[in-house]
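Pasted below: start.tsv, TSV, C-alpha atoms.
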chain	number	residue	atom	x	y	z
A	1	MET	CA	7.06	21.29	-20.44
A	2	THR	CA	7.56	21.79	-16.72
A	3	PRO	CA	5.35	19.34	-14.77
A	4	ARG	CA	2.66	20.80	-12.55
A	5	PRO	CA	3.60	20.78	-8.85
A	6	LEU	CA	2.19	17.63	-7.27
A	7	SER	CA	2.09	16.62	-3.60
A	8	ALA	CA	0.31	13.82	-1.79
A	9	ILE	CA	-1.70	13.47	1.39
A	10	VAL	CA	-1.83	9.99	2.94
A	11	LEU	CA	-4.53	9.41	5.56
A	12	ALA	CA	-3.07	7.09	8.20
A	13	ALA	CA	-4.66	8.29	11.45
A	14	GLY	CA	-7.34	5.64	11.94
A	15	GLU	CA	-7.30	3.19	14.82
A	16	GLY	CA	-8.60	0.28	12.77
A	17	THR	CA	-10.74	-1.20	15.52
A	18	ARG	CA	-11.84	-4.11	13.33
A	19	MET	CA	-8.24	-5.31	13.20
A	20	ARG	CA	-8.51	-6.00	16.96
A	21	SER	CA	-4.84	-5.24	17.48
A	22	SER	CA	-2.54	-3.05	19.54
A	23	ARG	CA	-0.56	-2.41	16.34
A	24	PRO	CA	-1.60	0.76	14.47
A	25	LYS	CA	-3.56	-0.23	11.39
A	26	PRO	CA	-1.12	1.31	8.82
A	27	LEU	CA	1.72	-0.78	10.28
A	28	HIS	CA	0.17	-4.21	9.81
A	29	LEU	CA	2.56	-6.28	7.72
A	30	LEU	CA	2.04	-7.71	4.27
A	31	CYS	CA	4.92	-9.71	2.78
A	32	GLY	CA	7.21	-8.27	5.44
A	33	ARG	CA	6.39	-4.57	4.91
A	34	ALA	CA	4.05	-2.15	6.62
A	35	MET	CA	0.78	-1.66	4.73
A	36	VAL	CA	1.20	2.10	4.34
A	37	LEU	CA	4.56	1.67	2.57
A	38	TYR	CA	2.78	0.06	-0.39
A	39	VAL	CA	0.57	3.14	-0.63
A	40	LEU	CA	3.69	5.32	-0.84
A	41	ASP	CA	5.03	2.95	-3.52
A	42	SER	CA	2.01	3.81	-5.67
A	43	LEU	CA	3.39	7.34	-6.09
A	44	GLU	CA	6.56	6.23	-7.86
A	45	GLN	CA	5.40	6.96	-11.44
A	46	CYS	CA	4.40	10.53	-10.56
A	47	GLU	CA	6.76	13.38	-9.77
A	48	VAL	CA	5.49	13.84	-6.21
A	49	ARG	CA	7.44	16.56	-4.42
A	50	ARG	CA	6.48	15.39	-0.94
A	51	ALA	CA	3.89	13.38	0.94
A	52	VAL	CA	2.14	14.67	4.04
A	53	VAL	CA	1.10	11.75	6.23
A	54	VAL	CA	-1.78	12.33	8.63
A	55	VAL	CA	-1.16	10.28	11.78
A	56	GLY	CA	-3.30	9.78	14.86
A	57	HIS	CA	-3.60	6.45	16.62
A	58	GLY	CA	-0.06	5.25	17.42
A	59	ALA	CA	1.36	8.41	15.83
A	60	GLU	CA	4.89	7.96	17.18
A	61	ARG	CA	5.12	4.36	15.99
A	62	VAL	CA	3.80	5.18	12.54
A	63	THR	CA	6.14	8.16	12.16
A	64	LYS	CA	9.20	6.20	13.27
A	65	LYS	CA	8.42	3.25	11.00
A	66	LEU	CA	8.05	5.44	7.94
A	67	LEU	CA	11.19	7.44	8.65
A	68	ASP	CA	13.19	4.24	9.24
A	69	ALA	CA	11.93	2.82	5.94
A	70	ALA	CA	13.23	5.93	4.16
A	71	PRO	CA	10.88	5.94	1.15
A	72	GLU	CA	12.00	7.89	-1.89
A	73	VAL	CA	9.31	10.56	-1.59
A	74	PRO	CA	10.10	13.17	1.13
A	75	LEU	CA	7.73	12.81	4.08
A	76	GLU	CA	6.15	15.23	6.52
A	77	PHE	CA	3.79	14.36	9.36
A	78	VAL	CA	0.80	16.09	10.91
A	79	GLU	CA	-1.32	14.71	13.72
A	80	GLN	CA	-5.10	14.49	13.76
A	81	SER	CA	-5.54	14.32	17.52
A	82	VAL	CA	-9.29	13.66	17.30
A	83	GLN	CA	-10.64	11.62	14.39
A	84	ARG	CA	-13.54	13.63	12.97
A	85	GLY	CA	-13.70	12.20	9.48
A	86	THR	CA	-11.74	12.24	6.25
A	87	GLY	CA	-12.63	15.85	5.49
A	88	ASP	CA	-11.19	16.93	8.82
A	89	ALA	CA	-8.07	14.80	8.25
A	90	VAL	CA	-7.40	16.50	4.91
A	91	GLY	CA	-7.98	19.89	6.54
A	92	VAL	CA	-5.34	19.02	9.13
A	93	ALA	CA	-2.97	17.96	6.34
A	94	LEU	CA	-3.34	21.31	4.60
A	95	THR	CA	-1.70	23.01	7.61
A	96	ALA	CA	1.60	21.54	6.37
A	97	PHE	CA	1.41	23.65	3.20
A	98	SER	CA	2.18	27.33	2.86
A	99	ALA	CA	-0.41	29.85	1.68
A	100	ASP	CA	1.51	30.25	-1.58
A	101	GLU	CA	1.39	26.50	-2.22
A	102	LEU	CA	-2.35	26.35	-1.60
A	103	ASP	CA	-3.02	29.39	-3.77
A	104	ASP	CA	-1.05	27.99	-6.72
A	105	ALA	CA	-3.63	27.42	-9.47
A	106	ASP	CA	-1.29	24.94	-11.19
A	107	ALA	CA	-0.56	22.79	-8.12
A	108	ASP	CA	-2.32	19.49	-7.46
A	109	LEU	CA	-2.84	17.33	-4.39
A	110	LEU	CA	-3.32	13.58	-4.36
A	111	VAL	CA	-5.33	12.19	-1.43
A	112	LEU	CA	-4.96	8.49	-0.63
A	113	PRO	CA	-6.05	6.30	2.30
A	114	GLY	CA	-3.21	4.51	4.06
A	115	ASP	CA	-4.93	1.11	3.93
A	116	THR	CA	-4.95	0.35	0.17
A	117	PRO	CA	-1.79	-1.77	-0.25
A	118	LEU	CA	-2.78	-3.26	-3.63
A	119	LEU	CA	-2.86	0.12	-5.35
A	120	ARG	CA	-0.60	0.13	-8.43
A	121	ALA	CA	1.63	3.01	-9.48
A	122	SER	CA	0.17	2.85	-12.99
A	123	THR	CA	-3.32	3.45	-11.57
A	124	ILE	CA	-2.26	6.63	-9.76
A	125	ALA	CA	-0.40	7.81	-12.86
A	126	ALA	CA	-3.59	7.33	-14.90
A	127	LEU	CA	-5.58	9.31	-12.32
A	128	VAL	CA	-3.17	12.25	-12.51
A	129	ALA	CA	-3.11	12.09	-16.32
A	130	GLU	CA	-6.92	12.24	-16.51
A	131	HIS	CA	-6.96	15.12	-14.02
A	132	HIS	CA	-4.63	17.13	-16.26
A	133	ALA	CA	-6.30	16.11	-19.53
A	134	THR	CA	-9.75	17.26	-18.39
A	135	ASP	CA	-8.45	20.31	-16.50
A	136	ALA	CA	-10.61	19.24	-13.57
A	137	ALA	CA	-10.84	20.76	-10.12
A	138	CYS	CA	-11.15	17.24	-8.74
A	139	THR	CA	-10.72	13.80	-10.27
A	140	LEU	CA	-11.93	10.66	-8.51
A	141	LEU	CA	-10.54	7.17	-8.88
A	142	THR	CA	-13.60	4.95	-9.13
A	143	ALA	CA	-14.27	1.25	-9.50
A	144	ARG	CA	-17.06	-0.84	-10.98
A	145	MET	CA	-18.29	-3.64	-8.75
A	146	ALA	CA	-20.70	-6.49	-9.33
A	147	ASP	CA	-21.87	-6.01	-5.74
A	148	PRO	CA	-21.42	-2.37	-4.68
A	149	THR	CA	-23.28	-2.81	-1.38
A	150	GLY	CA	-21.93	-0.48	1.29
A	151	TYR	CA	-19.99	1.76	-1.08
A	152	GLY	CA	-20.67	5.37	-2.03
A	153	ARG	CA	-22.17	5.56	-5.54
A	154	VAL	CA	-20.73	7.93	-8.14
A	155	VAL	CA	-23.51	9.98	-9.71
A	156	ARG	CA	-22.60	11.39	-13.11
A	157	GLY	CA	-24.33	14.18	-14.95
A	158	ARG	CA	-23.95	16.06	-18.21
A	159	ASP	CA	-20.82	15.39	-20.32
A	160	ASP	CA	-20.01	12.45	-18.06
A	161	ARG	CA	-18.99	14.81	-15.26
A	162	VAL	CA	-19.38	13.72	-11.65
A	163	ASP	CA	-22.17	15.52	-9.80
A	164	LYS	CA	-21.79	13.92	-6.39
A	165	VAL	CA	-21.02	10.84	-4.36
A	166	VAL	CA	-23.99	9.37	-2.47
A	167	GLU	CA	-23.37	7.08	0.50
A	168	HIS	CA	-25.14	3.72	0.30
A	169	ARG	CA	-27.46	4.41	3.24
A	170	ASP	CA	-28.57	7.72	1.69
A	171	ALA	CA	-29.02	6.48	-1.89
A	172	THR	CA	-32.33	6.19	-3.71
A	173	ASP	CA	-33.32	2.95	-5.41
A	174	GLU	CA	-32.15	4.42	-8.72
A	175	GLN	CA	-28.78	5.39	-7.26
A	176	LEU	CA	-28.37	1.97	-5.61
A	177	ALA	CA	-28.49	0.46	-9.12
A	178	ILE	CA	-25.24	2.31	-10.00
A	179	ASP	CA	-22.26	-0.04	-10.01
A	180	GLU	CA	-19.58	2.69	-10.10
A	181	VAL	CA	-18.28	3.39	-6.59
A	182	ASN	CA	-15.95	5.87	-4.95
A	183	THR	CA	-12.57	4.52	-3.81
A	184	SER	CA	-11.65	7.50	-1.57
A	185	ILE	CA	-8.67	8.26	-3.83
A	186	TYR	CA	-8.60	11.72	-5.40
A	187	CYS	CA	-6.55	14.30	-7.23
A	188	PHE	CA	-7.50	17.91	-6.38
A	189	ARG	CA	-6.49	21.27	-7.70
A	190	ALA	CA	-4.84	22.67	-4.58
A	191	SER	CA	-6.33	26.14	-4.84
A	192	VAL	CA	-9.96	24.93	-4.62
A	193	LEU	CA	-9.60	22.24	-1.97
A	194	GLY	CA	-9.31	24.45	1.11
A	195	PRO	CA	-12.31	26.68	0.28
A	196	ALA	CA	-14.44	23.63	-0.53
A	197	LEU	CA	-13.53	21.96	2.77
A	198	ARG	CA	-14.74	25.03	4.63
A	199	ARG	CA	-18.18	24.58	3.07
A	200	ILE	CA	-18.84	21.03	4.30
A	201	SER	CA	-20.48	20.21	7.63
A	202	PRO	CA	-20.71	17.22	10.00
A	203	GLU	CA	-24.51	17.10	9.73
A	204	ASN	CA	-24.74	13.37	9.08
A	205	SER	CA	-25.34	10.16	11.00
A	206	GLN	CA	-21.68	9.88	12.00
A	207	GLY	CA	-21.23	13.52	12.98
A	208	GLU	CA	-18.08	13.66	10.84
A	209	TYR	CA	-16.68	15.77	8.01
A	210	TYR	CA	-16.78	13.64	4.86
A	211	LEU	CA	-14.30	14.36	2.08
A	212	THR	CA	-16.88	12.99	-0.36
A	213	ASP	CA	-19.04	16.08	0.33
A	214	VAL	CA	-16.34	18.22	-1.33
A	215	VAL	CA	-17.24	16.61	-4.66
A	216	GLU	CA	-20.78	17.99	-4.58
A	217	VAL	CA	-19.54	21.39	-3.34
A	218	LEU	CA	-17.15	21.73	-6.28
A	219	ALA	CA	-19.62	20.44	-8.86
A	220	GLY	CA	-22.32	22.75	-7.51
A	221	ALA	CA	-19.98	25.72	-7.83
A	222	GLY	CA	-19.50	24.97	-11.52
A	223	TYR	CA	-16.11	23.28	-11.34
A	224	ARG	CA	-15.44	20.20	-13.41
A	225	VAL	CA	-15.23	16.97	-11.42
A	226	SER	CA	-13.88	14.04	-13.46
A	227	ALA	CA	-13.46	10.36	-12.75
A	228	VAL	CA	-11.29	7.54	-14.02
A	229	VAL	CA	-12.29	3.90	-13.51
A	230	ALA	CA	-9.61	1.58	-12.13
A	231	ASP	CA	-8.70	-1.29	-14.44
A	232	ASP	CA	-9.10	-3.76	-11.57
A	233	ALA	CA	-11.49	-2.92	-8.74
A	234	ALA	CA	-9.62	-5.27	-6.39
A	235	ASP	CA	-6.56	-2.99	-6.50
A	236	THR	CA	-8.52	-0.21	-4.79
A	237	GLN	CA	-9.85	-2.23	-1.87
A	238	GLY	CA	-9.05	-1.12	1.66
A	239	VAL	CA	-7.94	-3.44	4.45
A	240	ASN	CA	-10.18	-3.19	7.49
A	241	ASP	CA	-9.89	-6.57	9.22
A	242	ARG	CA	-7.73	-9.68	9.35
A	243	LEU	CA	-9.66	-11.43	6.57
A	244	GLN	CA	-9.03	-8.56	4.18
A	245	LEU	CA	-5.39	-8.44	5.35
A	246	ALA	CA	-4.92	-12.11	4.44
A	247	SER	CA	-6.58	-11.59	1.05
A	248	ALA	CA	-4.34	-8.62	0.27
A	249	GLU	CA	-1.25	-10.54	1.36
A	250	ALA	CA	-2.11	-13.41	-0.96
A	251	GLU	CA	-2.32	-11.03	-3.91
A	252	LEU	CA	0.93	-9.25	-3.00
A	253	ARG	CA	2.65	-12.62	-2.60
A	254	ARG	CA	1.39	-13.63	-6.06
A	255	ARG	CA	2.81	-10.43	-7.56
A	256	THR	CA	6.12	-10.89	-5.72
A	257	ASN	CA	6.53	-14.48	-6.86
A	258	GLU	CA	5.63	-13.61	-10.44
A	259	ALA	CA	8.24	-10.84	-10.48
A	260	TRP	CA	10.97	-13.18	-9.21
A	261	MET	CA	10.11	-15.90	-11.71
A	262	ARG	CA	10.39	-13.37	-14.52
A	263	LYS	CA	13.88	-12.55	-13.20
A	264	GLY	CA	15.07	-16.16	-13.43
A	265	VAL	CA	14.02	-17.75	-10.13
A	266	THR	CA	12.37	-21.18	-10.24
A	267	MET	CA	9.42	-21.82	-7.94
A	268	VAL	CA	8.25	-25.41	-8.19
A	269	ASP	CA	4.87	-24.49	-6.67
A	270	PRO	CA	4.42	-20.69	-6.44
A	271	GLU	CA	1.19	-21.02	-4.44
A	272	ARG	CA	3.14	-22.76	-1.67
A	273	THR	CA	6.15	-20.46	-1.73
A	274	TYR	CA	6.31	-17.46	0.60
A	275	VAL	CA	8.86	-14.73	-0.12
A	276	ASP	CA	8.79	-11.37	1.66
A	277	ALA	CA	9.08	-8.24	-0.45
A	278	THR	CA	12.31	-7.50	1.47
A	279	VAL	CA	14.12	-10.66	0.26
A	280	ASP	CA	16.84	-10.61	-2.44
A	281	LEU	CA	17.18	-13.60	-4.78
A	282	ALA	CA	19.85	-14.18	-7.44
A	283	PRO	CA	19.12	-15.83	-10.81
A	284	ASP	CA	18.84	-19.62	-10.98
A	285	VAL	CA	17.72	-19.98	-7.37
A	286	THR	CA	15.25	-22.86	-6.99
A	287	LEU	CA	12.58	-22.77	-4.30
A	288	PHE	CA	10.74	-25.99	-3.52
A	289	PRO	CA	7.23	-26.09	-1.97
A	290	ASP	CA	6.67	-24.77	1.54
A	291	THR	CA	9.75	-22.56	1.51
A	292	ILE	CA	9.36	-19.38	3.57
A	293	LEU	CA	11.90	-16.58	3.24
A	294	GLN	CA	11.41	-13.58	5.50
A	295	GLY	CA	13.10	-10.35	6.47
A	296	ALA	CA	16.45	-9.44	4.90
A	297	CYS	CA	17.29	-12.85	3.42
A	298	VAL	CA	19.82	-12.84	0.58
A	299	VAL	CA	20.16	-15.99	-1.55
A	300	GLY	CA	23.04	-16.55	-3.97
A	301	ALA	CA	22.88	-17.82	-7.54
A	302	GLY	CA	22.02	-21.48	-8.07
A	303	ALA	CA	21.04	-22.18	-4.47
A	304	GLU	CA	18.28	-24.72	-3.84
A	305	LEU	CA	15.96	-24.19	-0.86
A	306	GLY	CA	13.25	-26.46	0.47
A	307	PRO	CA	11.00	-28.19	0.74
A	308	ASN	CA	9.77	-27.29	4.23
A	309	THR	CA	12.36	-24.61	4.92
A	310	ARG	CA	11.99	-21.32	6.78
A	311	LEU	CA	14.79	-18.74	6.89
A	312	VAL	CA	14.61	-15.30	8.50
A	313	ASP	CA	17.33	-12.65	7.93
A	314	CYS	CA	19.76	-15.26	6.59
A	315	VAL	CA	22.49	-15.08	3.94
A	316	VAL	CA	22.75	-18.13	1.67
A	317	GLY	CA	25.80	-18.59	-0.53
A	318	ALA	CA	25.75	-19.53	-4.20
A	319	GLY	CA	25.06	-23.17	-4.93
A	320	ALA	CA	24.02	-24.06	-1.38
A	321	VAL	CA	21.40	-26.78	-0.90
A	322	ILE	CA	19.12	-26.44	2.12
A	323	GLU	CA	16.17	-28.72	2.86
A	324	ASN	CA	13.84	-29.19	5.82
A	325	THR	CA	15.72	-26.47	7.71
A	326	VAL	CA	14.86	-23.55	9.97
A	327	GLY	CA	17.21	-20.64	10.61
A	328	ARG	CA	17.32	-17.08	11.80
A	329	ASP	CA	20.05	-14.44	11.39
A	330	ALA	CA	22.53	-17.04	10.16
A	331	GLU	CA	25.01	-17.33	7.29
A	332	ILE	CA	25.33	-20.39	5.04
A	333	GLY	CA	28.44	-20.64	2.90
A	334	ALA	CA	28.60	-21.28	-0.84
A	335	GLY	CA	28.08	-24.89	-1.83
A	336	ALA	CA	27.08	-26.01	1.67
A	337	HIS	CA	24.52	-28.81	2.01
A	338	LEU	CA	22.19	-28.65	5.01
A	339	GLY	CA	19.40	-30.92	6.17
A	340	PRO	CA	17.20	-32.60	6.49
A	341	PHE	CA	16.13	-31.23	9.86
A	342	ALA	CA	18.90	-28.68	10.38
A	343	VAL	CA	18.55	-25.77	12.84
A	344	LEU	CA	20.52	-22.53	12.46
A	345	GLU	CA	20.58	-20.46	15.63
A	346	PRO	CA	20.93	-16.66	15.51
A	347	GLY	CA	24.51	-15.59	14.79
A	348	SER	CA	25.60	-19.01	13.53
A	349	SER	CA	27.69	-19.62	10.42
A	350	VAL	CA	28.09	-22.66	8.19
A	351	PRO	CA	31.40	-22.79	6.21
A	352	ASP	CA	31.62	-23.00	2.43
A	353	GLY	CA	31.11	-26.54	1.17
A	354	ALA	CA	30.12	-27.95	4.58
A	355	ARG	CA	27.97	-31.13	4.66
A	356	PRO	CA	27.16	-31.73	8.32
A	357	GLY	CA	24.40	-34.27	7.72
A	358	PRO	CA	20.86	-34.60	9.13
A	359	PHE	CA	19.70	-33.27	12.50
A	360	TYR	CA	22.49	-30.68	12.57
A	361	THR	CA	22.30	-27.62	14.85
A	362	ALA	CA	24.53	-24.65	14.12
A	363	VAL	CA	25.19	-22.47	17.16
A	364	SER	CA	26.57	-18.96	17.43
A	365	THR	CA	30.32	-18.79	17.82

Once more with this new file: its structure as structure tokens, please.
Amino acid sequence: MTPRPLSAIVLAAGEGTRMRSSRPKPLHLLCGRAMVLYVLDSLEQCEVRRAVVVVGHGAERVTKKLLDAAPEVPLEFVEQSVQRGTGDAVGVALTAFSADELDDADADLLVLPGDTPLLRASTIAALVAEHHATDAACTLLTARMADPTGYGRVVRGRDDRVDKVVEHRDATDEQLAIDEVNTSIYCFRASVLGPALRRISPENSQGEYYLTDVVEVLAGAGYRVSAVVADDAADTQGVNDRLQLASAEAELRRRTNEAWMRKGVTMVDPERTYVDATVDLAPDVTLFPDTILQGACVVGAGAELGPNTRLVDCVVGAGAVIENTVGRDAEIGAGAHLGPFAVLEPGSSVPDGARPGPFYTAVST
């Protein structure tokens, strides 16, 4: 069976004022990668033809970063020059599609915020599968929370269909008791999204066009709106400030370390081992506590690193032993022994088998 055409819209136009940073919010780093790249990773189990990224604040920087990263899914960019809500952002994104694409009754559109780096590919695949299985016009990814304060509540009706999403400040006492919340992640039938967007208005306290209003428009018109609950609510959480950024990084670091240990890397204390998602480790590498590997580090088989070692963009040969060392953009030969208290300056190189002793400084040649 030929898969239904599927595209994605990633909303990455927000300024992220709570981050208190000159860096555009989607480009804040987690484990060495921009936050929005993890959102694009979540599309990998679906046959997404292309992703339209809505940019705004820091548009040029966001566009350049994503193009340089060269993700597998083809990217296009549209700019939301004035941020007037998520509904407006999706409307801007639709300008990247042809009339034939938007009229295709079999085509679907994923909509994802650019600040959900913990989102798993399996979760998005389950959302798309439910959307197809129920033949819905719209399918929401939802989450159940012990404390849903501040989140839009998902109100279900007959046959477990979704009737609407009610924002916390507008909810009745009965609706506030609902623990199922909207995650702002959707799969839409492309042909109904545009007409539904044209029926929403900015008559609310924020004066913005809310994408959540589309849910009630579609349900009121008789279309089926479905929902699938995420297995882990934490995976759907957005990052809005530095505290949430640190929390998300801790979880991504845990996942990264677990993946490497399953591939044959020893971490004496995983909670005190920091490995960027951009690092490459061979089997039988041993990392002692307080080892930090960042950037494009490559570590050969059987090498031992740490404790108290930080390397950035370094190449470490097989069997090397490095302890209490800092280095950047350096190369350490196979079987070399460095430390304690070695310093590797950018561009330096340590020969195979070298044992220069403590307090060694390698300089660029």

Please, what distance in Å, to one decimal, runs between atom CA of Asp213 of chain A and atom CA of Glu167 of chain A?
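Value for the atom CA of Asp213 of chain A-atom CA of Glu167 of chain A distance: 10.0 Å.
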
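Among the candidate residues A:His131, A:His57, A:Arg49, A:Lys25, the one lying nearest to Val73 of chain A is A:Arg49, with distances computed using all atoms listed in the file.
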
Minimum-distance residue to Arg328 of chain A, chosen among A:Ala303, A:Ala230, A:Ala296, A:Val155 (using only C-alpha atoms)
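Checking each candidate against Arg328 of chain A, we get A:Ala296 as the closest.
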
If we count all atoms listed in the file and set the cut-off at 8 Å, which residues sit around Glu101 of chain A, ignoring sequence neighbours fewer than 4 positions away in its own chain? Please answer as a tab-separated table (two decimals) with C-alpha atoms, in the coordinates of the input.
chain	number	residue	atom	x	y	z
A	97	PHE	CA	1.41	23.65	3.20
A	107	ALA	CA	-0.56	22.79	-8.12
A	190	ALA	CA	-4.84	22.67	-4.58

Please return as an MDAnalysis selection string every residue within 10 Å of (-10.2, 7.3, -9.6), taking into account only C-alpha atoms and the file's own coordinates.
chainID A and resid 123:124 126:128 130:131 139:143 181:187 226:231 236

Kindly provide the residues of segment 145-248 of chain A that approach segment 18-24 of chain A to within 8 Å, each paired with its closest atom pair and their distance in Å to one decimal, based on all atoms listed in the file, listed by chain and increasing number, as JSON lines.
{"residue": "A:Asn240", "atom": "CA", "partner": "A:Arg18", "partner_atom": "CA", "distance": 6.1}
{"residue": "A:Asp241", "atom": "CA", "partner": "A:Met19", "partner_atom": "CA", "distance": 4.5}
{"residue": "A:Arg242", "atom": "CA", "partner": "A:Met19", "partner_atom": "CA", "distance": 5.8}

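The space separating atom CA of Gly306 of chain A from atom CA of Pro340 of chain A comes to 9.5 Å.
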
Kindly output segment 91-111 of chain A as a compact mmCIF listing (two decimals), in the coordinates of the input, after building N, CA and C atoms.
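For reference, result39.txt as written:
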# COMPACT_ATOMS: atom_id res chain seq x y z
N GLY A 91 -8.16 18.53 6.05
CA GLY A 91 -7.98 19.89 6.54
C GLY A 91 -6.77 20.02 7.43
N VAL A 92 -6.53 19.03 8.29
CA VAL A 92 -5.34 19.02 9.13
C VAL A 92 -4.09 18.93 8.26
N ALA A 93 -4.13 18.11 7.23
CA ALA A 93 -2.97 17.96 6.34
C ALA A 93 -2.61 19.26 5.64
N LEU A 94 -3.60 20.06 5.32
CA LEU A 94 -3.34 21.31 4.60
C LEU A 94 -2.54 22.29 5.44
N THR A 95 -2.50 22.10 6.76
CA THR A 95 -1.70 23.01 7.61
C THR A 95 -0.21 22.84 7.35
N ALA A 96 0.18 21.75 6.69
CA ALA A 96 1.60 21.54 6.37
C ALA A 96 2.04 22.32 5.14
N PHE A 97 1.09 22.92 4.43
CA PHE A 97 1.41 23.65 3.20
C PHE A 97 1.34 25.16 3.44
N SER A 98 2.19 25.87 2.74
CA SER A 98 2.18 27.33 2.86
C SER A 98 1.00 27.92 2.09
N ALA A 99 0.68 29.17 2.39
CA ALA A 99 -0.41 29.85 1.68
C ALA A 99 -0.11 29.94 0.19
N ASP A 100 1.15 30.17 -0.16
CA ASP A 100 1.51 30.25 -1.58
C ASP A 100 1.28 28.92 -2.29
N GLU A 101 1.59 27.81 -1.62
CA GLU A 101 1.39 26.50 -2.22
C GLU A 101 -0.10 26.23 -2.45
N LEU A 102 -0.93 26.61 -1.49
CA LEU A 102 -2.35 26.35 -1.60
C LEU A 102 -3.05 27.29 -2.56
N ASP A 103 -2.44 28.43 -2.83
CA ASP A 103 -3.02 29.39 -3.77
C ASP A 103 -2.56 29.16 -5.21
N ASP A 104 -1.61 28.24 -5.40
CA ASP A 104 -1.05 27.99 -6.72
C ASP A 104 -2.10 27.29 -7.59
N ALA A 105 -2.57 27.96 -8.61
CA ALA A 105 -3.63 27.42 -9.47
C ALA A 105 -3.14 26.22 -10.29
N ASP A 106 -1.83 26.05 -10.41
CA ASP A 106 -1.29 24.94 -11.19
C ASP A 106 -0.94 23.72 -10.33
N ALA A 107 -0.97 23.88 -9.01
CA ALA A 107 -0.56 22.79 -8.12
C ALA A 107 -1.70 21.81 -7.89
N ASP A 108 -1.34 20.55 -7.71
CA ASP A 108 -2.32 19.49 -7.46
C ASP A 108 -1.97 18.72 -6.20
N LEU A 109 -3.00 18.13 -5.60
CA LEU A 109 -2.84 17.33 -4.39
C LEU A 109 -3.52 15.98 -4.56
N LEU A 110 -2.75 14.92 -4.41
CA LEU A 110 -3.32 13.58 -4.36
C LEU A 110 -3.76 13.30 -2.93
N VAL A 111 -4.88 12.63 -2.75
CA VAL A 111 -5.33 12.19 -1.43
C VAL A 111 -5.56 10.69 -1.51
